[in-house]
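Undergrad: One structure, pasted below without further comment.
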Amino acid sequence: MSRREMTVDSERRAFLASVCAVGGAMLFAPRSARALALHLIAEDVVIVQFSDNGARIGAARVAKVEKPEKEWKKQLSQLAFEVTRHGATEYSFTGAYWNNHEKGLYRCICCETALFSSVHKFDSGTGWPSFWQPIAAENVIGPLKRHPAADETEVTCKRCDAHLGDIFDDGPRPTGLRYCIDSVALRFVKTA
């Protein structure tokens with residue numbers, strides 16, 4: 001074995017040993033230490049941040065919010081948990097915001113990311129809050145096409161992967177889109 005091959009082999013073994021040591025330590029670390037370590041290795045995402053009065057602050061790289069189901073269940077109502085974490089849908093005309101006409105912005109119930117503005121809200125007649133565009137395209141993901149033949153319309157929060165609702169192409173101008181969103185996936189912040 002050449003000197004270079006020995007060095008590469010030695011570095012590879014050291015790397016594997018460190019990965020094993022960290023993994024082993026994670027198994028026996030207290031829960032809080034494991035949660036912190038998992039948080040530190042979670043991927044970052046870029047979103048556009050907004051103040052509660054709707055002013056655009058700017059793009060920011062933030063940690064992706066990832067929690068075990070047990071933590072989400074503590075934070076959310078049962079319906080909000082089922083909708084945001086499992087893709088369920090609330091009944092039409094039952095949510096808090098389908099008929100809301102106040103000025104403000106709508107944040108993700110799971111991670112507080114700004115998602116929609118009342119400026120883009122319209123009455124679709126469907127019984128769910130409907131918007132013709134998100135407050136910032138960078139803050140939502142959708143529709144997801146997991147397979148070429150799939151006709152999926154799901155819209156999710158970019159920061160925490162919360163299921164928000166679905167997007168359809170029967171909305172008003174200028175986009176022609178209808179983001180049909182579950183009220184329980186949102187928290188409304190009223191502005192003056």
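Note on naming: chains are A, B, ... as they come in the structure tokens, residues start from 1 per chain, ligands start from 1 in the order shown.
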Which residues, written as a list of chain:residue names, have at least one atom at most 10 Å from region 81-86 of chain A, with only C-alpha atoms counted and residues fewer than 2 positions away on the same chain left out?

TA: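 Non-adjacent residues within range: A:Glu69, A:Trp72, A:Lys73, A:Lys74, A:Gln75, A:Leu76, A:Ser77, A:Gln78, A:Leu79, A:Ala88, A:Thr89, A:Glu90, A:Cys108, A:Ile109, A:Cys110, A:Thr156, A:Cys157, A:Cys160, A:Asp161, A:Ala162, A:His163, A:Leu164, A:Gly165, A:Asp182, A:Ser183, A:Val184, A:Ala185, A:Leu186.
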
Undergrad: Among region 55-161 of chain A, which residues does DSSP mark as strand (DSSP E or B) when it is run on the backbone? Keep the chain and numbering as in the structure and answer as a PyMOL selection string.

TA: chain A and resi 56-63+104-108+114-117+121-122+130-131+140-141+154-157

Undergrad: For Glu154 (chain A), list every protein, DNA or RNA residue within 9 Å, evaluated using only C-alpha atoms, and leave out those in the same chain fewer than 5 positions away; present the list as number ranges by chain.

TA: A: 87, 141-145, 163-167

Undergrad: Once you have the residues from the selection above, write them out as an mmCIF file, in the first residue's frame, restricted to N, CA and C atoms.

TA:
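Dumped everything to part-v9.cif:
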```cif
data_model
loop_
_atom_site.group_PDB
_atom_site.id
_atom_site.type_symbol
_atom_site.label_atom_id
_atom_site.label_comp_id
_atom_site.auth_asym_id
_atom_site.auth_seq_id
_atom_site.Cartn_x
_atom_site.Cartn_y
_atom_site.Cartn_z
ATOM 1 N N GLY A 87 -52.385 15.221 6.674
ATOM 2 C CA GLY A 87 -53.045 15.553 5.416
ATOM 3 C C GLY A 87 -54.558 15.423 5.421
ATOM 4 N N ILE A 141 -44.729 25.102 -0.612
ATOM 5 C CA ILE A 141 -44.321 24.126 -1.613
ATOM 6 C C ILE A 141 -45.591 23.495 -2.156
ATOM 7 N N GLY A 142 -45.681 23.405 -3.451
ATOM 8 C CA GLY A 142 -46.824 22.726 -4.042
ATOM 9 C C GLY A 142 -47.137 23.280 -5.405
ATOM 10 N N PRO A 143 -47.871 22.554 -6.163
ATOM 11 C CA PRO A 143 -48.269 21.167 -5.870
ATOM 12 C C PRO A 143 -47.097 20.206 -6.031
ATOM 13 N N LEU A 144 -47.168 19.106 -5.293
ATOM 14 C CA LEU A 144 -46.107 18.101 -5.336
ATOM 15 C C LEU A 144 -46.448 17.043 -6.377
ATOM 16 N N LYS A 145 -45.539 16.754 -7.244
ATOM 17 C CA LYS A 145 -45.712 15.700 -8.243
ATOM 18 C C LYS A 145 -44.711 14.605 -7.915
ATOM 19 N N HIS A 163 -49.119 20.139 6.093
ATOM 20 C CA HIS A 163 -50.128 20.126 5.032
ATOM 21 C C HIS A 163 -51.040 21.326 5.277
ATOM 22 N N LEU A 164 -51.194 22.171 4.255
ATOM 23 C CA LEU A 164 -52.027 23.368 4.375
ATOM 24 C C LEU A 164 -53.360 23.207 3.665
ATOM 25 N N GLY A 165 -53.352 22.520 2.559
ATOM 26 C CA GLY A 165 -54.547 22.362 1.735
ATOM 27 C C GLY A 165 -54.131 21.956 0.335
ATOM 28 N N ASP A 166 -54.879 22.475 -0.653
ATOM 29 C CA ASP A 166 -54.624 22.103 -2.040
ATOM 30 C C ASP A 166 -54.693 23.328 -2.939
ATOM 31 N N ILE A 167 -54.115 23.213 -4.127
ATOM 32 C CA ILE A 167 -54.137 24.297 -5.101
ATOM 33 C C ILE A 167 -54.850 23.820 -6.361
#
```

Undergrad: Hey, which of A:Val65, A:Ala192, A:Val48, A:Ile181 ends up closest to Ala114 (chain A)? Count only C-alpha atoms.

TA: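 Ranking A:Val65, A:Ala192, A:Val48, A:Ile181 by distance to Ala114 (chain A), first place goes to A:Val48.
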
Undergrad: Name all residues at most 7 Å from Ile135 (chain A) (count only C-alpha atoms; drop same-chain ones fewer than 6 positions away) and give them as a list in words.

TA: Leu115, Phe116 and Ser117 of chain A

Undergrad: With a distance cut-off of 10 Å and only C-alpha atoms, select the neighbouring residues of region 95-101 of chain A, excluding the residue or stretch itself and same-chain residues fewer than 6 positions from it, and output the selection as a VMD selection string.

TA: chain A and resid 118 to 119 121 to 130 180 to 188

Undergrad: Would you save the residues of that selection, restricted to C-alpha atoms, as a compact mmCIF listing (two decimals), in the first residue's frame?

TA:
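Now in part22.txt:
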```txt
# COMPACT_ATOMS: atom_id res chain seq x y z
CA SER A 118 -55.83 38.98 3.29
CA VAL A 119 -54.96 41.09 0.23
CA LYS A 121 -57.95 36.24 -0.20
CA PHE A 122 -61.20 35.84 -2.11
CA ASP A 123 -64.60 34.21 -1.60
CA SER A 124 -64.48 30.98 -3.59
CA GLY A 125 -67.83 29.70 -2.32
CA THR A 126 -66.15 26.46 -1.24
CA GLY A 127 -66.25 26.99 2.53
CA TRP A 128 -62.47 27.11 2.94
CA PRO A 129 -60.19 30.14 3.03
CA SER A 130 -59.06 30.71 -0.55
CA CYS A 180 -57.78 26.15 -0.89
CA ILE A 181 -56.46 26.12 2.68
CA ASP A 182 -57.70 24.51 5.91
CA SER A 183 -58.38 27.12 8.61
CA VAL A 184 -56.85 24.93 11.31
CA ALA A 185 -53.51 25.03 9.48
CA LEU A 186 -53.42 28.80 9.97
CA ARG A 187 -53.18 31.46 12.65
CA PHE A 188 -54.61 34.83 11.66
```

Undergrad: Separation of CA of Phe131 (chain A) and CA of Glu102 (chain A), in Å?

TA: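 It comes out at 13.9 Å.
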
Undergrad: Please compute the CA of Trp132 (chain A)-CA of Tyr106 (chain A) distance, one decimal, in Å.

TA: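 Distance between the two atoms: 13.7 Å.
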